[in-house]
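Beneath this line is the structure, given in structure tokens, with notes to follow.
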2 protein chains.
Amino acid sequence: MVRDWSSVFDLGDTDHEDLLEHFDRAWFQGNEYRYLSDARHGVERGTAILDDVVVRGYPSMPRALVLEPAVHEVFDGPVAVEEKLNGYNVRVARVDGDLLAFTRSGFVCPYTTRKVATTLDADGFFEDYPEYMLCGELVGPENPYTEHDYPEVDEAAFYVFGIRHRETSDPMPVARRRECCVDYDLDPVRHYGTFTPAAAVSTAKETIRDLDARGREGVVLKSTDGRRALKYTTSAIHRADLEHAFALPFDYGRDFIFTRVIREAFQAVEFDDPPDRVRERARKLGEAILLPAVETVRAVDADDPVGETHTVRADPEVVEALLSYFRDKGLELAVERDRTEDGERVVTFTKVARSTRDKTAYYLSGGTIDE
Amino acid sequence: MVRDWSSVFDLGDTDHEDLLEHFDRAWFQGNEYRYLSDARHGVERGTAILDDVVVRGYPSMPRALVLEPAVHEVFDGPVAVEEKLNGYNVRVARVDGDLLAFTRSGFVCPYTTRKVATTLDADGFFEDYPEYMLCGELVGPENPYTEHDYPEVDEAAFYVFGIRHRETSDPMPVARRRECCVDYDLDPVRHYGTFTPAAAVSTAKETIRDLDARGREGVVLKSTDGRRALKYTTSAIHRADLEHAFALPFDYGRDFIFTRVIREAFQAVEFDDPPDRVRERARKLGEAILLPAVETVRAVDADDPVGETHTVRADPEVVEALLSYFRDKGLELAVERDRTEDGERVVTFTKVARSTRDKTAYYLSGGTIDE
């Protein structure tokens, strides 16, 4: 069946043609599919098309630098406060009877698809809601994308923060989404309650202090219909981001670095830090920036590999498909350990940060910068 | 007289025409002149043409991130080690009997021209070297461009670091330039001696430690013929730069910020900082980054002006010409104080940092970032 894409995406003839041209093609288990790597014509980045099925991308979410005025700017009714987790954003949909896991960019990840199949029992949900997708954070120590550990997660867990119609992207209201999680035994992200905007601000601030002390990421505020959202993060995650970026300084965008510092400055002002607290925040920030950079320069000097190291554990063919995908994307992988445990292949590998390695080596060998 | 620019700049017909097209036009005391705002066809940024006189720009100088290998890479003979001062780069030339001062970009600055006229007695030098220019650092508390104070400079001083043929840009050898300074009573930048490359590295490192402790900028290493040069700076100046940039974070390039952090990382490794010294360096770096940013957010919140504040002191018409030039360039100036002392006009003004003011105000009023 060929669908009328113009009406599916609610776009005129020229726009829908332009949109379709911008989809890239990829394969999953012998089937070709298309995915959109950048938002275009109001269609979200990460939107995928598999034959006649559309799985919309997860919408980008505005961030507050100063919580209080932003909450009043964005919301005019009750606001739900939920935890923002630090893993990776995954949409799960059932297509032709198969549970598929899409990363943020629209890639059907063989590894995540398999993890979700073993972690998530969503059959009941998809029986009743076949046209919906579960949007959640995949969290846990063994994955190929992120590093953050949570004490409550041993291996991998999928926490639902949204349920949306896969083709229109319409969200379920927050209360109904939470009921669905109860009814179908799905793990929801933590919910702190639903409040007036003013009370949401104070709850969010208190929550941020608590999450920060525990090294967790932040909060997402949502209108009860699930249509408006606002995120806000802890100092702990700003530092963790900076540590990560400055371990690979020439591979990370300078905007990435700048934005984290700016978040800290606005937070210090909004949280009314006294002078010694600002100084403490500044010192920790400096440590998050310089210490990993120094370590990396020393590692390159010692000829040690630099990059992001991950461990994955799955059936051999799933691991192979994942590593092939990374290599096809042009990543250089350094395999640190590769073994079999209980029939599963367990690989620890580094995504080599070539820019950091090469530029650092250039300066260490006497290369200069013309300024 | 119309000159053969093709031969002056040693360029083919097409190239010299392209070059001339890229000169901008400006006026000084009723005379039009041209200046080049970006290096092009091997001709330095800041090169100026006044009728048939060419004043070449000061060449850009490579920077070492790691001193030892860079010195061995750049030099194969004796190396002079001199101090790099933190003021602004000025070239002084005598054109049609008038001493003119050019800023780095090729602008004939009325304020600097007057300061140089009162600070520098170069008549004797230009009698003997009419076709040469004095290249130096203008240092001192009252100037419209920079802020650094030196205990040895009360008002303004001009320290010579180069003497070059104004049209060919050929430098005098270091020893001859230093003799000229003695012969004509010009102030030279501090010279630490001339060494083998290996000894230059250790002298430069020692000097950097000493300058750093005194909050000074750094060193320039030069081949004795004055043709090759290499600069290297202290942690103190990296921090001072960051303090300056993070007081106006949305007006400074993100590259500016990134590069200072990187310099610190390589320096910590080359200077073999033990762990507690790296941590100390990191904390100071963090303070240099976050504290001024927090102060600026608070200032905008309190409706105080943010920007770079300078004080200038000169004859009223010179001050007026300078302020007009800034306004013509599109700068918004907030005059904080304007008074007359001993017939001179003394103005303290802020170059308003509009981007920082406007973006900060936007976030403080609840503006969000879409990410």
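Identifiers in this document derive from the order of the structure tokens: chains are assigned A, B, ..., residues are numbered from 1 separately in each chain, and ligands are numbered from 1 in order of occurrence.
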
* Asked: If we count only C-alpha atoms, which residues of chain B reach to within 8 Å of chain A? Please list them as an MDAnalysis selection string.
  -> chainID B and resid 60:73 254:255 258 261:262 264:266 268:269 278:279 282:287 289:291 293:294 297:298 363:371

Selected residues written out, N, CA and C atoms, as a short mmCIF file (atom, residue, chain, number, x, y, z; two decimals), in the first residue's frame:
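To be explicit, this is the file written out as part_0.cif:
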data_model
loop_
_atom_site.label_atom_id
_atom_site.label_comp_id
_atom_site.auth_asym_id
_atom_site.auth_seq_id
_atom_site.Cartn_x
_atom_site.Cartn_y
_atom_site.Cartn_z
N SER B 60 50.64 37.94 12.22
CA SER B 60 50.12 37.09 13.29
C SER B 60 51.23 36.13 13.71
N MET B 61 51.20 35.74 14.96
CA MET B 61 52.30 34.97 15.52
C MET B 61 51.82 33.62 16.00
N PRO B 62 52.49 32.52 15.60
CA PRO B 62 52.03 31.22 16.07
C PRO B 62 52.20 31.08 17.58
N ARG B 63 51.30 30.27 18.15
CA ARG B 63 51.31 30.02 19.58
C ARG B 63 51.67 28.57 19.84
N ALA B 64 52.51 28.34 20.84
CA ALA B 64 52.81 26.97 21.28
C ALA B 64 51.82 26.57 22.35
N LEU B 65 51.31 25.35 22.25
CA LEU B 65 50.54 24.80 23.38
C LEU B 65 51.47 23.99 24.27
N VAL B 66 52.50 23.42 23.66
CA VAL B 66 53.51 22.69 24.42
C VAL B 66 54.85 23.28 23.97
N LEU B 67 55.50 23.95 24.91
CA LEU B 67 56.64 24.80 24.57
C LEU B 67 57.82 24.02 24.00
N GLU B 68 58.21 22.97 24.67
CA GLU B 68 59.47 22.32 24.30
C GLU B 68 59.46 21.79 22.86
N PRO B 69 58.52 20.94 22.48
CA PRO B 69 58.57 20.46 21.10
C PRO B 69 58.36 21.58 20.08
N ALA B 70 57.55 22.57 20.43
CA ALA B 70 57.29 23.66 19.48
C ALA B 70 58.56 24.47 19.22
N VAL B 71 59.34 24.71 20.28
CA VAL B 71 60.59 25.46 20.10
C VAL B 71 61.51 24.71 19.14
N HIS B 72 61.60 23.40 19.34
CA HIS B 72 62.48 22.62 18.46
C HIS B 72 61.92 22.52 17.04
N GLU B 73 60.62 22.60 16.92
CA GLU B 73 59.98 22.56 15.61
C GLU B 73 60.21 23.88 14.85
N ARG B 254 32.71 31.53 21.39
CA ARG B 254 32.90 30.31 22.17
C ARG B 254 34.28 29.73 21.97
N ASP B 255 34.89 30.04 20.81
CA ASP B 255 36.26 29.61 20.57
C ASP B 255 37.21 30.29 21.53
N PHE B 258 37.00 28.36 24.75
CA PHE B 258 37.53 27.00 24.62
C PHE B 258 39.06 26.99 24.57
N VAL B 261 40.93 27.29 27.92
CA VAL B 261 40.87 26.08 28.73
C VAL B 261 41.90 25.06 28.21
N ILE B 262 41.95 24.94 26.91
CA ILE B 262 42.88 23.99 26.30
C ILE B 262 44.33 24.35 26.62
N GLU B 264 45.40 25.74 29.27
CA GLU B 264 45.65 25.33 30.65
C GLU B 264 45.92 23.83 30.73
N ALA B 265 45.17 23.05 29.98
CA ALA B 265 45.33 21.59 30.04
C ALA B 265 46.73 21.19 29.57
N PHE B 266 47.17 21.75 28.44
CA PHE B 266 48.50 21.39 27.93
C PHE B 266 49.59 21.92 28.87
N ALA B 268 49.40 22.32 32.13
CA ALA B 268 49.46 21.47 33.32
C ALA B 268 50.28 20.21 33.04
N VAL B 269 50.11 19.66 31.84
CA VAL B 269 50.85 18.46 31.49
C VAL B 269 52.34 18.78 31.28
N VAL B 278 47.21 20.47 39.88
CA VAL B 278 46.20 20.44 38.80
C VAL B 278 44.85 20.85 39.38
N ARG B 279 44.55 20.31 40.56
CA ARG B 279 43.25 20.62 41.17
C ARG B 279 43.16 22.12 41.50
N ALA B 282 42.56 23.91 38.36
CA ALA B 282 41.18 23.69 37.91
C ALA B 282 40.21 24.58 38.68
N ARG B 283 40.42 24.66 39.99
CA ARG B 283 39.51 25.47 40.81
C ARG B 283 39.58 26.94 40.45
N LYS B 284 40.81 27.42 40.26
CA LYS B 284 40.96 28.83 39.88
C LYS B 284 40.33 29.08 38.51
N LEU B 285 40.50 28.10 37.64
CA LEU B 285 39.88 28.22 36.31
C LEU B 285 38.36 28.32 36.45
N GLY B 286 37.80 27.44 37.28
CA GLY B 286 36.35 27.47 37.49
C GLY B 286 35.88 28.80 38.05
N GLU B 287 36.66 29.35 38.98
CA GLU B 287 36.30 30.65 39.54
C GLU B 287 36.36 31.74 38.48
N ILE B 289 35.76 31.40 35.45
CA ILE B 289 34.66 31.21 34.51
C ILE B 289 33.32 31.59 35.14
N LEU B 290 33.03 31.00 36.29
CA LEU B 290 31.66 31.13 36.80
C LEU B 290 31.39 32.45 37.55
N LEU B 291 32.36 32.90 38.35
CA LEU B 291 32.07 34.07 39.19
C LEU B 291 31.69 35.30 38.37
N ALA B 293 30.40 35.39 35.40
CA ALA B 293 29.12 35.13 34.72
C ALA B 293 27.96 35.34 35.69
N VAL B 294 28.12 34.84 36.91
CA VAL B 294 27.07 35.03 37.93
C VAL B 294 26.88 36.52 38.22
N VAL B 297 24.89 38.08 35.38
CA VAL B 297 23.46 37.76 35.42
C VAL B 297 22.78 38.61 36.50
N ARG B 298 23.45 38.74 37.64
CA ARG B 298 22.88 39.56 38.72
C ARG B 298 22.80 41.03 38.32
N TYR B 363 16.35 35.35 29.17
CA TYR B 363 16.25 34.15 30.02
C TYR B 363 15.69 34.49 31.40
N LEU B 364 16.08 35.65 31.91
CA LEU B 364 15.57 36.05 33.24
C LEU B 364 14.07 36.30 33.22
N SER B 365 13.54 36.61 32.04
CA SER B 365 12.10 36.87 31.98
C SER B 365 11.35 35.61 31.53
N GLY B 366 12.02 34.46 31.55
CA GLY B 366 11.33 33.20 31.29
C GLY B 366 11.53 32.66 29.88
N GLY B 367 12.41 33.27 29.12
CA GLY B 367 12.70 32.75 27.78
C GLY B 367 13.33 31.36 27.88
N THR B 368 13.01 30.51 26.92
CA THR B 368 13.53 29.14 26.95
C THR B 368 14.42 28.90 25.72
N ILE B 369 15.18 27.81 25.77
CA ILE B 369 16.00 27.40 24.64
C ILE B 369 15.41 26.10 24.12
N ASP B 370 15.28 26.00 22.84
CA ASP B 370 14.76 24.75 22.29
C ASP B 370 15.94 23.84 21.98
N GLU B 371 15.95 22.70 22.61
CA GLU B 371 17.10 21.79 22.41
C GLU B 371 16.63 20.40 22.07
#

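Here CA of Glu83 in chain B is placed at a distance of 7.8 Å from CA of Tyr192 in chain B.
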
* Which residues come within 7 Å of Thr194 in chain A, counting only C-alpha atoms, excluding same-chain residues fewer than 6 positions away, as a VMD selection string? -> chain A and resid 78 to 81

* Could you pull out all residues of range 162-353 of chain B with a DSSP call of helix (DSSP H, G or I) and give them as JSON, numbers by chain? -> {"B": [174, 175, 176, 177, 178, 179, 180, 181, 182, 183, 197, 198, 199, 200, 201, 202, 203, 204, 205, 206, 207, 208, 209, 210, 211, 212, 213, 235, 236, 237, 238, 239, 240, 241, 242, 243, 244, 245, 246, 247, 254, 255, 256, 257, 258, 259, 260, 261, 262, 263, 264, 265, 266, 267, 268, 269, 270, 275, 276, 277, 278, 279, 280, 281, 282, 283, 284, 285, 286, 287, 288, 289, 290, 291, 292, 293, 294, 295, 296, 297, 298, 299, 300, 301, 316, 317, 318, 319, 320, 321, 322, 323, 324, 325, 326, 327, 328]}

* Asked: What lies within 10 Å of Leu323 in chain A using only C-alpha atoms, ignoring chain neighbours under 3 positions off, as a count of residues only?
  -> 15

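If you count only C-alpha atoms and ignore residues fewer than 5 places along the chain from Arg91 in chain B, what sits within 10 Å of it is Gly46, Val55, Arg56, Gly57, Tyr58, Leu100, Ala101, Phe102, Thr103, Arg104, Gly106, Val108, Thr113, Met133, Leu134, Cys135, Gly136, Glu137, Leu138, Val160, Gly162, Ile163, Arg164 and Arg166 of chain B.
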
Keeping N, CA, C and O atoms, export the residues of the selection given above as a compact mmCIF listing (two decimals), in the first residue's frame.
# COMPACT_ATOMS: atom_id res chain seq x y z
N GLY B 46 45.44 44.62 8.85
CA GLY B 46 45.87 45.87 9.48
C GLY B 46 46.80 46.69 8.62
O GLY B 46 47.23 47.77 9.01
N VAL B 55 51.78 51.04 5.12
CA VAL B 55 52.22 50.63 6.46
C VAL B 55 51.67 49.22 6.66
O VAL B 55 50.45 49.03 6.79
N ARG B 56 52.58 48.27 6.64
CA ARG B 56 52.14 46.87 6.71
C ARG B 56 51.62 46.50 8.10
O ARG B 56 52.08 47.02 9.12
N GLY B 57 50.67 45.57 8.12
CA GLY B 57 50.13 45.09 9.38
C GLY B 57 51.16 44.29 10.15
O GLY B 57 52.14 43.80 9.58
N TYR B 58 50.95 44.14 11.46
CA TYR B 58 51.86 43.32 12.24
C TYR B 58 51.48 41.86 12.03
O TYR B 58 50.32 41.49 12.17
N LEU B 100 51.98 58.78 13.28
CA LEU B 100 50.65 58.18 13.33
C LEU B 100 50.72 56.84 14.05
O LEU B 100 51.68 56.09 13.90
N ALA B 101 49.67 56.53 14.82
CA ALA B 101 49.61 55.26 15.55
C ALA B 101 48.48 54.41 14.97
O ALA B 101 47.33 54.85 14.93
N PHE B 102 48.84 53.22 14.54
CA PHE B 102 47.87 52.30 13.94
C PHE B 102 47.55 51.18 14.93
O PHE B 102 48.45 50.57 15.49
N THR B 103 46.26 50.89 15.11
CA THR B 103 45.90 49.73 15.93
C THR B 103 46.09 48.48 15.07
O THR B 103 46.35 48.56 13.87
N ARG B 104 45.92 47.33 15.70
CA ARG B 104 46.14 46.06 15.00
C ARG B 104 45.36 45.96 13.71
O ARG B 104 45.82 45.40 12.71
N GLY B 106 44.53 48.31 11.66
CA GLY B 106 44.89 49.26 10.63
C GLY B 106 44.23 50.62 10.80
O GLY B 106 44.42 51.52 9.98
N VAL B 108 43.84 54.23 12.17
CA VAL B 108 44.69 55.28 12.74
C VAL B 108 43.91 55.85 13.92
O VAL B 108 42.94 56.59 13.73
N THR B 113 47.30 57.92 18.78
CA THR B 113 48.23 58.82 18.10
C THR B 113 48.64 59.95 19.05
O THR B 113 49.81 60.28 19.18
N MET B 133 58.88 51.33 10.82
CA MET B 133 57.83 51.56 11.81
C MET B 133 58.26 50.92 13.13
O MET B 133 58.94 49.89 13.14
N LEU B 134 57.84 51.54 14.23
CA LEU B 134 58.07 50.98 15.55
C LEU B 134 56.84 50.15 15.92
O LEU B 134 55.71 50.66 15.88
N CYS B 135 57.09 48.89 16.27
CA CYS B 135 55.98 48.02 16.65
C CYS B 135 56.09 47.79 18.15
O CYS B 135 57.15 47.37 18.63
N GLY B 136 55.03 48.08 18.87
CA GLY B 136 55.15 47.94 20.32
C GLY B 136 53.81 47.73 20.98
O GLY B 136 52.77 47.68 20.34
N GLU B 137 53.89 47.56 22.30
CA GLU B 137 52.68 47.36 23.10
C GLU B 137 52.39 48.65 23.84
O GLU B 137 53.27 49.17 24.53
N LEU B 138 51.20 49.15 23.68
CA LEU B 138 50.80 50.31 24.46
C LEU B 138 50.14 49.80 25.73
O LEU B 138 49.16 49.05 25.68
N VAL B 160 58.73 48.81 22.84
CA VAL B 160 59.03 48.34 21.48
C VAL B 160 59.38 46.85 21.48
O VAL B 160 60.25 46.41 22.24
N GLY B 162 59.36 45.33 18.14
CA GLY B 162 59.78 45.08 16.77
C GLY B 162 60.02 46.39 16.04
O GLY B 162 59.39 47.41 16.35
N ILE B 163 60.99 46.37 15.14
CA ILE B 163 61.17 47.51 14.22
C ILE B 163 61.20 46.89 12.83
O ILE B 163 61.99 45.97 12.56
N ARG B 164 60.29 47.33 11.97
CA ARG B 164 60.15 46.69 10.67
C ARG B 164 60.09 47.75 9.59
O ARG B 164 59.65 48.89 9.83
N ARG B 166 58.36 49.57 6.93
CA ARG B 166 56.90 49.71 6.90
C ARG B 166 56.29 49.19 5.61
O ARG B 166 55.13 48.78 5.60

Could you pull out the strand (DSSP E) residues of range 40-179 of chain B from DSSP and send them as a short mmCIF file (atom, residue, chain, number, x, y, z; two decimals) with C-alpha atoms, in the first residue's frame?
data_model
loop_
_atom_site.label_atom_id
_atom_site.label_comp_id
_atom_site.auth_asym_id
_atom_site.auth_seq_id
_atom_site.Cartn_x
_atom_site.Cartn_y
_atom_site.Cartn_z
CA ALA B 48 47.14 50.60 5.72
CA ILE B 49 47.61 52.76 2.63
CA LEU B 50 47.84 56.53 3.01
CA VAL B 53 52.62 55.22 1.70
CA VAL B 54 52.11 51.63 2.80
CA VAL B 55 52.22 50.63 6.46
CA PRO B 62 52.03 31.22 16.07
CA ARG B 63 51.31 30.02 19.58
CA ALA B 64 52.81 26.97 21.28
CA VAL B 79 66.48 32.02 20.22
CA ALA B 80 65.81 35.35 21.93
CA VAL B 81 63.39 35.23 24.86
CA GLU B 82 61.39 38.41 25.54
CA GLU B 83 58.39 39.37 27.60
CA LYS B 84 54.94 39.53 26.02
CA TYR B 88 47.41 46.61 22.74
CA ASN B 89 49.55 46.21 19.66
CA VAL B 90 50.41 49.55 18.04
CA ARG B 91 52.54 50.43 15.05
CA VAL B 92 53.96 53.93 14.90
CA ALA B 93 55.09 55.39 11.57
CA ARG B 94 55.96 58.88 10.41
CA VAL B 95 53.92 59.79 7.35
CA ASP B 98 53.23 63.28 11.23
CA LEU B 99 53.62 60.52 13.77
CA LEU B 100 50.65 58.18 13.33
CA ALA B 101 49.61 55.26 15.55
CA PHE B 102 47.87 52.30 13.94
CA TYR B 132 60.59 52.05 9.30
CA MET B 133 57.83 51.56 11.81
CA LEU B 134 58.07 50.98 15.55
CA CYS B 135 55.98 48.02 16.65
CA GLY B 136 55.15 47.94 20.32
CA GLU B 137 52.68 47.36 23.10
CA LEU B 138 50.80 50.31 24.46
CA VAL B 139 50.34 49.65 28.14
CA ALA B 157 53.98 53.58 28.07
CA PHE B 158 55.02 52.22 24.70
CA TYR B 159 57.33 49.20 24.75
CA VAL B 160 59.03 48.34 21.48
CA PHE B 161 59.07 44.66 20.46
CA GLY B 162 59.78 45.08 16.77
CA ILE B 163 61.17 47.51 14.22
CA ARG B 164 60.15 46.69 10.67
CA HIS B 165 60.36 48.25 7.26
#

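If only C-alpha atoms are the atoms counted, then among A:Asp149, A:Asn86, A:Gly124, A:Asp18 the closest residue to Ile237 in chain A is A:Asn86.
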